[in-house]
Amino acid sequence: MIRPAGRVWSGIGLAVVGTVVARPVLEGLLVGTLCVAYGLAWRLWAAGHIQKGETVTTTGPYHLHRHPLYWGTFWVGVGFACMVNRPAFWVAFLVYYAIVYGLTIRQEERFLRSRFGVFYEAYAARTSAWLPWPRGRSRSPQENPWSWSRVRTHREHRTTIAVLLWTLSFWVQWGVGRLGLG
């Protein structure tokens, strides 16, 4: 069983290793920053809709993807891998993500099936687990609009700030290297 704290701290550990071994180049920083922005947008969108433990959330990105927070995390990781600019880090990130999030998704789906039964089964049948793609209705219903208070409740603003600061650190590392100070 992978606990949320273990997932978070192991991800932070991987990011720290990436920061230490990074050799950023401009192209990787540009592509990586775009990937990070895309991932954070998914995470903020999802955090503003999710109602953990209360119901099966089907609004916002949840009408396209059963795990949009993890989809966003994947793209943040891709962005960091681009900025680290080391093939070994790409391998480490992809292996880490496949194992940790593969197991996490299985755990969560087991829980949701046991908690919400046929309602979750119907949702899972019409919503992709891996790639955001609508298979059922074409629009997100408005009964659960996006909420900044949910973003704060889930502390996603802290994640966003940390990821943005980490992204900035890669730019600083690149700038220091360009000035010959590193």
# chains A, B, ... in the order shown; residues from 1 in each chain; ligands from 1
>>> closest_atom_pairs(of="stretch 92-113 of chain A", to="stretch 42-57 of chain A", cutoff="10 Å", atoms="only C-alpha atoms", output="JSON lines")
{"residue": "A:Phe111", "atom": "CA", "partner": "A:Gly53", "partner_atom": "CA", "distance": 9.9}
{"residue": "A:Leu112", "atom": "CA", "partner": "A:Val56", "partner_atom": "CA", "distance": 7.8}
{"residue": "A:Arg113", "atom": "CA", "partner": "A:Val56", "partner_atom": "CA", "distance": 10.0}
>>> residues_around(residues="A:Val36", least_positions_apart="5", cutoff="8 Å", atoms="only C-alpha atoms", output="list in words")
Trp75, Val76, Gly77, Val78, Gly79, Phe80, Val163 and Thr167 of chain A
>>> select_by_dssp(residues="stretch 18-150 of chain A", states="strand (DSSP E or B)", output="list of chain:residue names")
A:His65, A:Thr127, A:Ser128, A:Pro134
>>> write_last_selection(atoms="C-alpha atoms", output="PDB file, in the first residue's frame")
ATOM      1  CA  HIS A  65     -10.084  11.414 -16.902  1.00  0.00           C
ATOM      2  CA  THR A 127     -14.183   7.692 -18.363  1.00  0.00           C
ATOM      3  CA  SER A 128     -10.573   6.917 -19.231  1.00  0.00           C
ATOM      4  CA  PRO A 134     -14.392  11.709 -23.225  1.00  0.00           C
TER       5      PRO A 134
END
>>> residues_around(residues="A:Tyr123", least_positions_apart="6", cutoff="10 Å", atoms="only C-alpha atoms", output="PyMOL selection string")
chain A and resi 56-58+62-63+66+136
>>> write_last_selection(atoms="C-alpha atoms", output="PDB file, in the first residue's frame")
ATOM      1  CA  VAL A  56     -17.608  10.350  -7.209  1.00  0.00           C
ATOM      2  CA  THR A  57     -16.462  13.605  -8.798  1.00  0.00           C
ATOM      3  CA  THR A  58     -17.512  13.708 -12.450  1.00  0.00           C
ATOM      4  CA  TYR A  62     -13.073  14.283 -14.073  1.00  0.00           C
ATOM      5  CA  HIS A  63     -15.434  13.971 -17.021  1.00  0.00           C
ATOM      6  CA  ARG A  66     -10.540   9.394 -13.714  1.00  0.00           C
ATOM      7  CA  GLY A 136     -19.579   9.444 -22.457  1.00  0.00           C
TER       8      GLY A 136
END
>>> closest_atom_pairs(of="stretch 84-180 of chain A", to="stretch 19-22 of chain A", cutoff="10 Å", atoms="only C-alpha atoms", output="CSV")
residue,atom,partner,partner_atom,distance
A:Val84,CA,A:Ala22,CA,4.1
A:Asn85,CA,A:Ala22,CA,6.2
A:Arg86,CA,A:Ala22,CA,6.8
A:Ala88,CA,A:Val21,CA,9.8
A:Phe89,CA,A:Val21,CA,8.5
A:Trp166,CA,A:Thr19,CA,8.5
A:Thr167,CA,A:Thr19,CA,9.8
A:Ser169,CA,A:Thr19,CA,8.2
A:Phe170,CA,A:Thr19,CA,7.3
A:Gln173,CA,A:Ala22,CA,8.5
A:Trp174,CA,A:Ala22,CA,9.2
>>> closest_residue(among="A:Val8, A:Ile105, A:Ala125, A:Thr160", to="A:Gly39", atoms="only C-alpha atoms")
A:Thr160
>>> select_by_dssp(residues="stretch 10-156 of chain A", states="helix (DSSP H, G or I)", output="mmCIF file with N, CA and C atoms, in the first residue's frame")
data_model
loop_
_atom_site.group_PDB
_atom_site.id
_atom_site.type_symbol
_atom_site.label_atom_id
_atom_site.label_comp_id
_atom_site.auth_asym_id
_atom_site.auth_seq_id
_atom_site.Cartn_x
_atom_site.Cartn_y
_atom_site.Cartn_z
ATOM 1 N N SER A 10 8.550 10.675 -1.574
ATOM 2 C CA SER A 10 9.420 9.990 -2.545
ATOM 3 C C SER A 10 9.541 10.816 -3.820
ATOM 4 N N GLY A 11 8.462 11.490 -4.215
ATOM 5 C CA GLY A 11 8.523 12.385 -5.375
ATOM 6 C C GLY A 11 9.436 13.575 -5.130
ATOM 7 N N ILE A 12 9.373 14.118 -3.923
ATOM 8 C CA ILE A 12 10.264 15.225 -3.570
ATOM 9 C C ILE A 12 11.718 14.745 -3.592
ATOM 10 N N GLY A 13 11.952 13.545 -3.081
ATOM 11 C CA GLY A 13 13.303 12.985 -3.102
ATOM 12 C C GLY A 13 13.835 12.846 -4.523
ATOM 13 N N LEU A 14 12.987 12.360 -5.426
ATOM 14 C CA LEU A 14 13.390 12.236 -6.826
ATOM 15 C C LEU A 14 13.691 13.615 -7.419
ATOM 16 N N ALA A 15 12.864 14.609 -7.090
ATOM 17 C CA ALA A 15 13.091 15.965 -7.594
ATOM 18 C C ALA A 15 14.405 16.546 -7.062
ATOM 19 N N VAL A 16 14.722 16.263 -5.806
ATOM 20 C CA VAL A 16 15.987 16.744 -5.235
ATOM 21 C C VAL A 16 17.169 16.123 -5.976
ATOM 22 N N VAL A 17 17.096 14.812 -6.201
ATOM 23 C CA VAL A 17 18.162 14.145 -6.967
ATOM 24 C C VAL A 17 18.290 14.788 -8.344
ATOM 25 N N GLY A 18 17.148 15.032 -8.995
ATOM 26 C CA GLY A 18 17.170 15.674 -10.308
ATOM 27 C C GLY A 18 17.830 17.037 -10.272
ATOM 28 N N THR A 19 17.551 17.793 -9.223
ATOM 29 C CA THR A 19 18.145 19.121 -9.091
ATOM 30 C C THR A 19 19.661 19.035 -8.959
ATOM 31 N N VAL A 20 20.134 18.057 -8.210
ATOM 32 C CA VAL A 20 21.576 17.896 -7.983
ATOM 33 C C VAL A 20 22.299 17.499 -9.267
ATOM 34 N N VAL A 21 21.689 16.609 -10.063
ATOM 35 C CA VAL A 21 22.380 16.110 -11.264
ATOM 36 C C VAL A 21 22.039 16.911 -12.523
ATOM 37 N N LEU A 26 18.734 25.604 -22.527
ATOM 38 C CA LEU A 26 17.606 26.484 -22.807
ATOM 39 C C LEU A 26 16.409 25.732 -23.390
ATOM 40 N N GLU A 27 16.640 24.865 -24.361
ATOM 41 C CA GLU A 27 15.527 24.151 -24.994
ATOM 42 C C GLU A 27 14.762 23.300 -23.976
ATOM 43 N N GLY A 28 15.512 22.602 -23.119
ATOM 44 C CA GLY A 28 14.883 21.780 -22.089
ATOM 45 C C GLY A 28 14.108 22.614 -21.088
ATOM 46 N N LEU A 29 14.641 23.794 -20.766
ATOM 47 C CA LEU A 29 13.936 24.690 -19.842
ATOM 48 C C LEU A 29 12.635 25.199 -20.446
ATOM 49 N N LEU A 30 12.681 25.568 -21.716
ATOM 50 C CA LEU A 30 11.466 26.075 -22.368
ATOM 51 C C LEU A 30 10.397 24.995 -22.470
ATOM 52 N N VAL A 31 10.777 23.833 -22.994
ATOM 53 C CA VAL A 31 9.811 22.730 -23.125
ATOM 54 C C VAL A 31 9.354 22.277 -21.740
ATOM 55 N N GLY A 32 10.303 22.159 -20.821
ATOM 56 C CA GLY A 32 9.971 21.726 -19.468
ATOM 57 C C GLY A 32 9.024 22.674 -18.759
ATOM 58 N N THR A 33 9.255 23.964 -18.910
ATOM 59 C CA THR A 33 8.373 24.946 -18.275
ATOM 60 C C THR A 33 6.957 24.852 -18.839
ATOM 61 N N LEU A 34 6.833 24.638 -20.133
ATOM 62 C CA LEU A 34 5.504 24.455 -20.732
ATOM 63 C C LEU A 34 4.826 23.195 -20.197
ATOM 64 N N CYS A 35 5.583 22.110 -20.072
ATOM 65 C CA CYS A 35 5.022 20.874 -19.526
ATOM 66 C C CYS A 35 4.586 21.062 -18.074
ATOM 67 N N VAL A 36 5.404 21.730 -17.293
ATOM 68 C CA VAL A 36 5.058 22.007 -15.897
ATOM 69 C C VAL A 36 3.777 22.847 -15.829
ATOM 70 N N ALA A 37 3.684 23.876 -16.657
ATOM 71 C CA ALA A 37 2.484 24.726 -16.666
ATOM 72 C C ALA A 37 1.243 23.905 -17.022
ATOM 73 N N TYR A 38 1.361 23.041 -18.023
ATOM 74 C CA TYR A 38 0.259 22.171 -18.426
ATOM 75 C C TYR A 38 -0.140 21.258 -17.266
ATOM 76 N N GLY A 39 0.849 20.652 -16.618
ATOM 77 C CA GLY A 39 0.564 19.767 -15.491
ATOM 78 C C GLY A 39 -0.077 20.493 -14.322
ATOM 79 N N LEU A 40 0.431 21.671 -13.993
ATOM 80 C CA LEU A 40 -0.161 22.451 -12.899
ATOM 81 C C LEU A 40 -1.581 22.884 -13.222
ATOM 82 N N ALA A 41 -1.833 23.228 -14.481
ATOM 83 C CA ALA A 41 -3.196 23.611 -14.878
ATOM 84 C C ALA A 41 -4.158 22.450 -14.643
ATOM 85 N N TRP A 42 -3.765 21.234 -15.011
ATOM 86 C CA TRP A 42 -4.607 20.053 -14.765
ATOM 87 C C TRP A 42 -4.808 19.851 -13.273
ATOM 88 N N ARG A 43 -3.748 19.991 -12.493
ATOM 89 C CA ARG A 43 -3.861 19.764 -11.051
ATOM 90 C C ARG A 43 -4.786 20.800 -10.394
ATOM 91 N N LEU A 44 -4.628 22.069 -10.777
ATOM 92 C CA LEU A 44 -5.505 23.100 -10.204
ATOM 93 C C LEU A 44 -6.959 22.909 -10.631
ATOM 94 N N TRP A 45 -7.156 22.566 -11.894
ATOM 95 C CA TRP A 45 -8.508 22.315 -12.396
ATOM 96 C C TRP A 45 -9.148 21.171 -11.612
ATOM 97 N N ALA A 46 -8.402 20.094 -11.420
ATOM 98 C CA ALA A 46 -8.930 18.929 -10.703
ATOM 99 C C ALA A 46 -9.178 19.245 -9.231
ATOM 100 N N ALA A 47 -8.223 19.921 -8.593
ATOM 101 C CA ALA A 47 -8.358 20.221 -7.164
ATOM 102 C C ALA A 47 -9.567 21.113 -6.886
ATOM 103 N N GLY A 60 -15.671 18.944 -14.275
ATOM 104 C CA GLY A 60 -14.350 19.467 -14.630
ATOM 105 C C GLY A 60 -13.543 18.407 -15.367
ATOM 106 N N PRO A 61 -12.271 18.259 -15.016
ATOM 107 C CA PRO A 61 -11.428 17.290 -15.729
ATOM 108 C C PRO A 61 -11.843 15.841 -15.449
ATOM 109 N N TYR A 62 -12.646 15.640 -14.411
ATOM 110 C CA TYR A 62 -13.073 14.283 -14.073
ATOM 111 C C TYR A 62 -14.077 13.724 -15.076
ATOM 112 N N HIS A 63 -14.591 14.540 -15.965
ATOM 113 C CA HIS A 63 -15.434 13.971 -17.021
ATOM 114 C C HIS A 63 -14.587 13.495 -18.197
ATOM 115 N N PRO A 68 -7.195 12.974 -12.944
ATOM 116 C CA PRO A 68 -6.556 14.163 -13.523
ATOM 117 C C PRO A 68 -5.452 14.762 -12.651
ATOM 118 N N LEU A 69 -5.517 14.575 -11.335
ATOM 119 C CA LEU A 69 -4.414 15.061 -10.499
ATOM 120 C C LEU A 69 -3.127 14.316 -10.853
ATOM 121 N N TYR A 70 -3.236 13.024 -11.100
ATOM 122 C CA TYR A 70 -2.048 12.234 -11.434
ATOM 123 C C TYR A 70 -1.594 12.499 -12.867
ATOM 124 N N TRP A 71 -2.538 12.809 -13.740
ATOM 125 C CA TRP A 71 -2.181 13.222 -15.111
ATOM 126 C C TRP A 71 -1.359 14.509 -15.029
ATOM 127 N N GLY A 72 -1.805 15.449 -14.212
ATOM 128 C CA GLY A 72 -1.046 16.690 -14.024
ATOM 129 C C GLY A 72 0.321 16.431 -13.425
ATOM 130 N N THR A 73 0.381 15.536 -12.442
ATOM 131 C CA THR A 73 1.660 15.181 -11.833
ATOM 132 C C THR A 73 2.608 14.586 -12.869
ATOM 133 N N PHE A 74 2.076 13.753 -13.749
ATOM 134 C CA PHE A 74 2.904 13.167 -14.799
ATOM 135 C C PHE A 74 3.549 14.266 -15.635
ATOM 136 N N TRP A 75 2.773 15.265 -16.034
ATOM 137 C CA TRP A 75 3.324 16.327 -16.881
ATOM 138 C C TRP A 75 4.287 17.240 -16.135
ATOM 139 N N VAL A 76 4.059 17.439 -14.838
ATOM 140 C CA VAL A 76 5.054 18.170 -14.039
ATOM 141 C C VAL A 76 6.360 17.385 -14.041
ATOM 142 N N GLY A 77 6.282 16.072 -13.865
ATOM 143 C CA GLY A 77 7.473 15.233 -13.892
ATOM 144 C C GLY A 77 8.168 15.248 -15.242
ATOM 145 N N VAL A 78 7.392 15.212 -16.314
ATOM 146 C CA VAL A 78 7.977 15.304 -17.662
ATOM 147 C C VAL A 78 8.712 16.639 -17.804
ATOM 148 N N GLY A 79 8.087 17.698 -17.302
ATOM 149 C CA GLY A 79 8.728 19.012 -17.365
ATOM 150 C C GLY A 79 10.035 19.044 -16.609
ATOM 151 N N PHE A 80 10.037 18.475 -15.393
ATOM 152 C CA PHE A 80 11.278 18.425 -14.619
ATOM 153 C C PHE A 80 12.327 17.590 -15.340
ATOM 154 N N ALA A 81 11.916 16.458 -15.924
ATOM 155 C CA ALA A 81 12.873 15.613 -16.650
ATOM 156 C C ALA A 81 13.494 16.374 -17.818
ATOM 157 N N CYS A 82 12.684 17.178 -18.511
ATOM 158 C CA CYS A 82 13.223 18.009 -19.604
ATOM 159 C C CYS A 82 14.254 18.994 -19.067
ATOM 160 N N MET A 83 13.968 19.577 -17.916
ATOM 161 C CA MET A 83 14.873 20.571 -17.346
ATOM 162 C C MET A 83 16.142 19.933 -16.775
ATOM 163 N N VAL A 84 16.025 18.746 -16.198
ATOM 164 C CA VAL A 84 17.191 18.044 -15.658
ATOM 165 C C VAL A 84 18.155 17.699 -16.783
ATOM 166 N N PRO A 87 19.476 11.596 -19.416
ATOM 167 C CA PRO A 87 18.726 10.393 -19.784
ATOM 168 C C PRO A 87 18.417 9.477 -18.594
ATOM 169 N N ALA A 88 19.356 9.330 -17.676
ATOM 170 C CA ALA A 88 19.131 8.462 -16.513
ATOM 171 C C ALA A 88 17.978 8.991 -15.654
ATOM 172 N N PHE A 89 17.820 10.308 -15.601
ATOM 173 C CA PHE A 89 16.713 10.861 -14.822
ATOM 174 C C PHE A 89 15.376 10.552 -15.492
ATOM 175 N N TRP A 90 15.355 10.612 -16.817
ATOM 176 C CA TRP A 90 14.131 10.229 -17.540
ATOM 177 C C TRP A 90 13.727 8.807 -17.164
ATOM 178 N N VAL A 91 14.681 7.899 -17.187
ATOM 179 C CA VAL A 91 14.395 6.500 -16.850
ATOM 180 C C VAL A 91 13.901 6.407 -15.415
ATOM 181 N N ALA A 92 14.601 7.057 -14.496
ATOM 182 C CA ALA A 92 14.205 7.021 -13.081
ATOM 183 C C ALA A 92 12.788 7.571 -12.897
ATOM 184 N N PHE A 93 12.492 8.695 -13.539
ATOM 185 C CA PHE A 93 11.157 9.281 -13.408
ATOM 186 C C PHE A 93 10.090 8.349 -13.961
ATOM 187 N N LEU A 94 10.292 7.809 -15.149
ATOM 188 C CA LEU A 94 9.270 6.955 -15.765
ATOM 189 C C LEU A 94 9.046 5.673 -14.966
ATOM 190 N N VAL A 95 10.118 5.087 -14.453
ATOM 191 C CA VAL A 95 9.980 3.886 -13.611
ATOM 192 C C VAL A 95 9.253 4.247 -12.314
ATOM 193 N N TYR A 96 9.683 5.341 -11.681
ATOM 194 C CA TYR A 96 9.028 5.810 -10.450
ATOM 195 C C TYR A 96 7.534 6.026 -10.690
ATOM 196 N N TYR A 97 7.201 6.760 -11.727
ATOM 197 C CA TYR A 97 5.795 7.084 -11.979
ATOM 198 C C TYR A 97 4.983 5.813 -12.249
ATOM 199 N N ALA A 98 5.508 4.931 -13.084
ATOM 200 C CA ALA A 98 4.780 3.705 -13.419
ATOM 201 C C ALA A 98 4.500 2.863 -12.172
ATOM 202 N N ILE A 99 5.504 2.740 -11.312
ATOM 203 C CA ILE A 99 5.311 1.919 -10.114
ATOM 204 C C ILE A 99 4.428 2.622 -9.097
ATOM 205 N N VAL A 100 4.827 3.812 -8.694
ATOM 206 C CA VAL A 100 4.124 4.502 -7.608
ATOM 207 C C VAL A 100 2.695 4.861 -8.000
ATOM 208 N N TYR A 101 2.509 5.456 -9.151
ATOM 209 C CA TYR A 101 1.158 5.873 -9.523
ATOM 210 C C TYR A 101 0.325 4.716 -10.071
ATOM 211 N N GLY A 102 0.979 3.723 -10.664
ATOM 212 C CA GLY A 102 0.237 2.522 -11.059
ATOM 213 C C GLY A 102 -0.387 1.854 -9.851
ATOM 214 N N LEU A 103 0.406 1.671 -8.788
ATOM 215 C CA LEU A 103 -0.116 1.074 -7.557
ATOM 216 C C LEU A 103 -1.151 1.979 -6.876
ATOM 217 N N THR A 104 -0.882 3.275 -6.860
ATOM 218 C CA THR A 104 -1.808 4.221 -6.227
ATOM 219 C C THR A 104 -3.166 4.194 -6.921
ATOM 220 N N ILE A 105 -3.156 4.205 -8.236
ATOM 221 C CA ILE A 105 -4.418 4.186 -8.982
ATOM 222 C C ILE A 105 -5.185 2.901 -8.696
ATOM 223 N N ARG A 106 -4.498 1.776 -8.661
ATOM 224 C CA ARG A 106 -5.188 0.508 -8.351
ATOM 225 C C ARG A 106 -5.811 0.563 -6.960
ATOM 226 N N GLN A 107 -5.058 1.066 -5.979
ATOM 227 C CA GLN A 107 -5.586 1.197 -4.616
ATOM 228 C C GLN A 107 -6.823 2.088 -4.584
ATOM 229 N N GLU A 108 -6.720 3.244 -5.204
ATOM 230 C CA GLU A 108 -7.834 4.187 -5.179
ATOM 231 C C GLU A 108 -9.061 3.623 -5.876
ATOM 232 N N GLU A 109 -8.855 2.967 -6.994
ATOM 233 C CA GLU A 109 -10.001 2.415 -7.712
ATOM 234 C C GLU A 109 -10.679 1.315 -6.899
ATOM 235 N N ARG A 110 -9.895 0.498 -6.207
ATOM 236 C CA ARG A 110 -10.477 -0.528 -5.332
ATOM 237 C C ARG A 110 -11.337 0.132 -4.255
ATOM 238 N N PHE A 111 -10.791 1.184 -3.632
ATOM 239 C CA PHE A 111 -11.525 1.904 -2.593
ATOM 240 C C PHE A 111 -12.816 2.514 -3.152
ATOM 241 N N LEU A 112 -12.704 3.195 -4.293
ATOM 242 C CA LEU A 112 -13.878 3.859 -4.866
ATOM 243 C C LEU A 112 -14.954 2.852 -5.279
ATOM 244 N N ARG A 113 -14.540 1.721 -5.807
ATOM 245 C CA ARG A 113 -15.509 0.673 -6.161
ATOM 246 C C ARG A 113 -16.214 0.141 -4.912
ATOM 247 N N SER A 114 -15.467 -0.039 -3.839
ATOM 248 C CA SER A 114 -16.097 -0.549 -2.616
ATOM 249 C C SER A 114 -16.977 0.516 -1.958
ATOM 250 N N ARG A 115 -16.591 1.754 -2.052
ATOM 251 C CA ARG A 115 -17.355 2.835 -1.399
ATOM 252 C C ARG A 115 -18.583 3.262 -2.196
ATOM 253 N N PHE A 116 -18.448 3.349 -3.533
ATOM 254 C CA PHE A 116 -19.532 3.906 -4.348
ATOM 255 C C PHE A 116 -20.183 2.904 -5.296
ATOM 256 N N GLY A 117 -19.677 1.683 -5.332
ATOM 257 C CA GLY A 117 -20.319 0.585 -6.056
ATOM 258 C C GLY A 117 -20.633 0.860 -7.515
ATOM 259 N N VAL A 118 -21.905 0.631 -7.873
ATOM 260 C CA VAL A 118 -22.315 0.723 -9.278
ATOM 261 C C VAL A 118 -22.169 2.134 -9.834
ATOM 262 N N PHE A 119 -22.275 3.137 -8.981
ATOM 263 C CA PHE A 119 -22.111 4.501 -9.462
ATOM 264 C C PHE A 119 -20.682 4.698 -9.982
ATOM 265 N N TYR A 120 -19.701 4.202 -9.226
ATOM 266 C CA TYR A 120 -18.324 4.317 -9.691
ATOM 267 C C TYR A 120 -18.085 3.427 -10.910
ATOM 268 N N GLU A 121 -18.663 2.243 -10.912
ATOM 269 C CA GLU A 121 -18.513 1.341 -12.059
ATOM 270 C C GLU A 121 -19.006 2.008 -13.341
ATOM 271 N N ALA A 122 -20.156 2.676 -13.264
ATOM 272 C CA ALA A 122 -20.708 3.354 -14.442
ATOM 273 C C ALA A 122 -19.783 4.495 -14.875
ATOM 274 N N TYR A 123 -19.287 5.244 -13.906
ATOM 275 C CA TYR A 123 -18.350 6.330 -14.206
ATOM 276 C C TYR A 123 -17.087 5.782 -14.862
ATOM 277 N N ALA A 124 -16.524 4.716 -14.291
ATOM 278 C CA ALA A 124 -15.297 4.115 -14.820
ATOM 279 C C ALA A 124 -15.510 3.579 -16.234
ATOM 280 N N ALA A 125 -16.690 3.096 -16.519
ATOM 281 C CA ALA A 125 -16.969 2.546 -17.848
ATOM 282 C C ALA A 125 -16.974 3.627 -18.926
ATOM 283 N N ARG A 126 -17.273 4.863 -18.537
ATOM 284 C CA ARG A 126 -17.367 5.931 -19.547
ATOM 285 C C ARG A 126 -16.219 6.941 -19.480
ATOM 286 N N TRP A 148 -12.210 27.747 -5.680
ATOM 287 C CA TRP A 148 -10.904 28.070 -5.109
ATOM 288 C C TRP A 148 -10.805 27.540 -3.680
ATOM 289 N N SER A 149 -11.912 27.519 -2.956
ATOM 290 C CA SER A 149 -11.861 27.021 -1.574
ATOM 291 C C SER A 149 -11.488 25.540 -1.545
ATOM 292 N N ARG A 150 -11.906 24.759 -2.545
ATOM 293 C CA ARG A 150 -11.490 23.360 -2.623
ATOM 294 C C ARG A 150 -9.990 23.263 -2.905
ATOM 295 N N VAL A 151 -9.488 24.131 -3.774
ATOM 296 C CA VAL A 151 -8.044 24.147 -4.064
ATOM 297 C C VAL A 151 -7.273 24.365 -2.765
ATOM 298 N N ARG A 152 -7.730 25.314 -1.961
ATOM 299 C CA ARG A 152 -7.062 25.593 -0.683
ATOM 300 C C ARG A 152 -7.242 24.438 0.298
ATOM 301 N N THR A 153 -8.442 23.867 0.354
ATOM 302 C CA THR A 153 -8.698 22.743 1.253
ATOM 303 C C THR A 153 -7.758 21.581 0.959
ATOM 304 N N GLU A 156 -3.568 22.498 -2.671
ATOM 305 C CA GLU A 156 -2.944 22.470 -3.998
ATOM 306 C C GLU A 156 -2.172 23.757 -4.266
#
>>> atom_distance(atom1="atom CA of A:Glu143", atom2="atom CA of A:Ala129")
22.5 Å
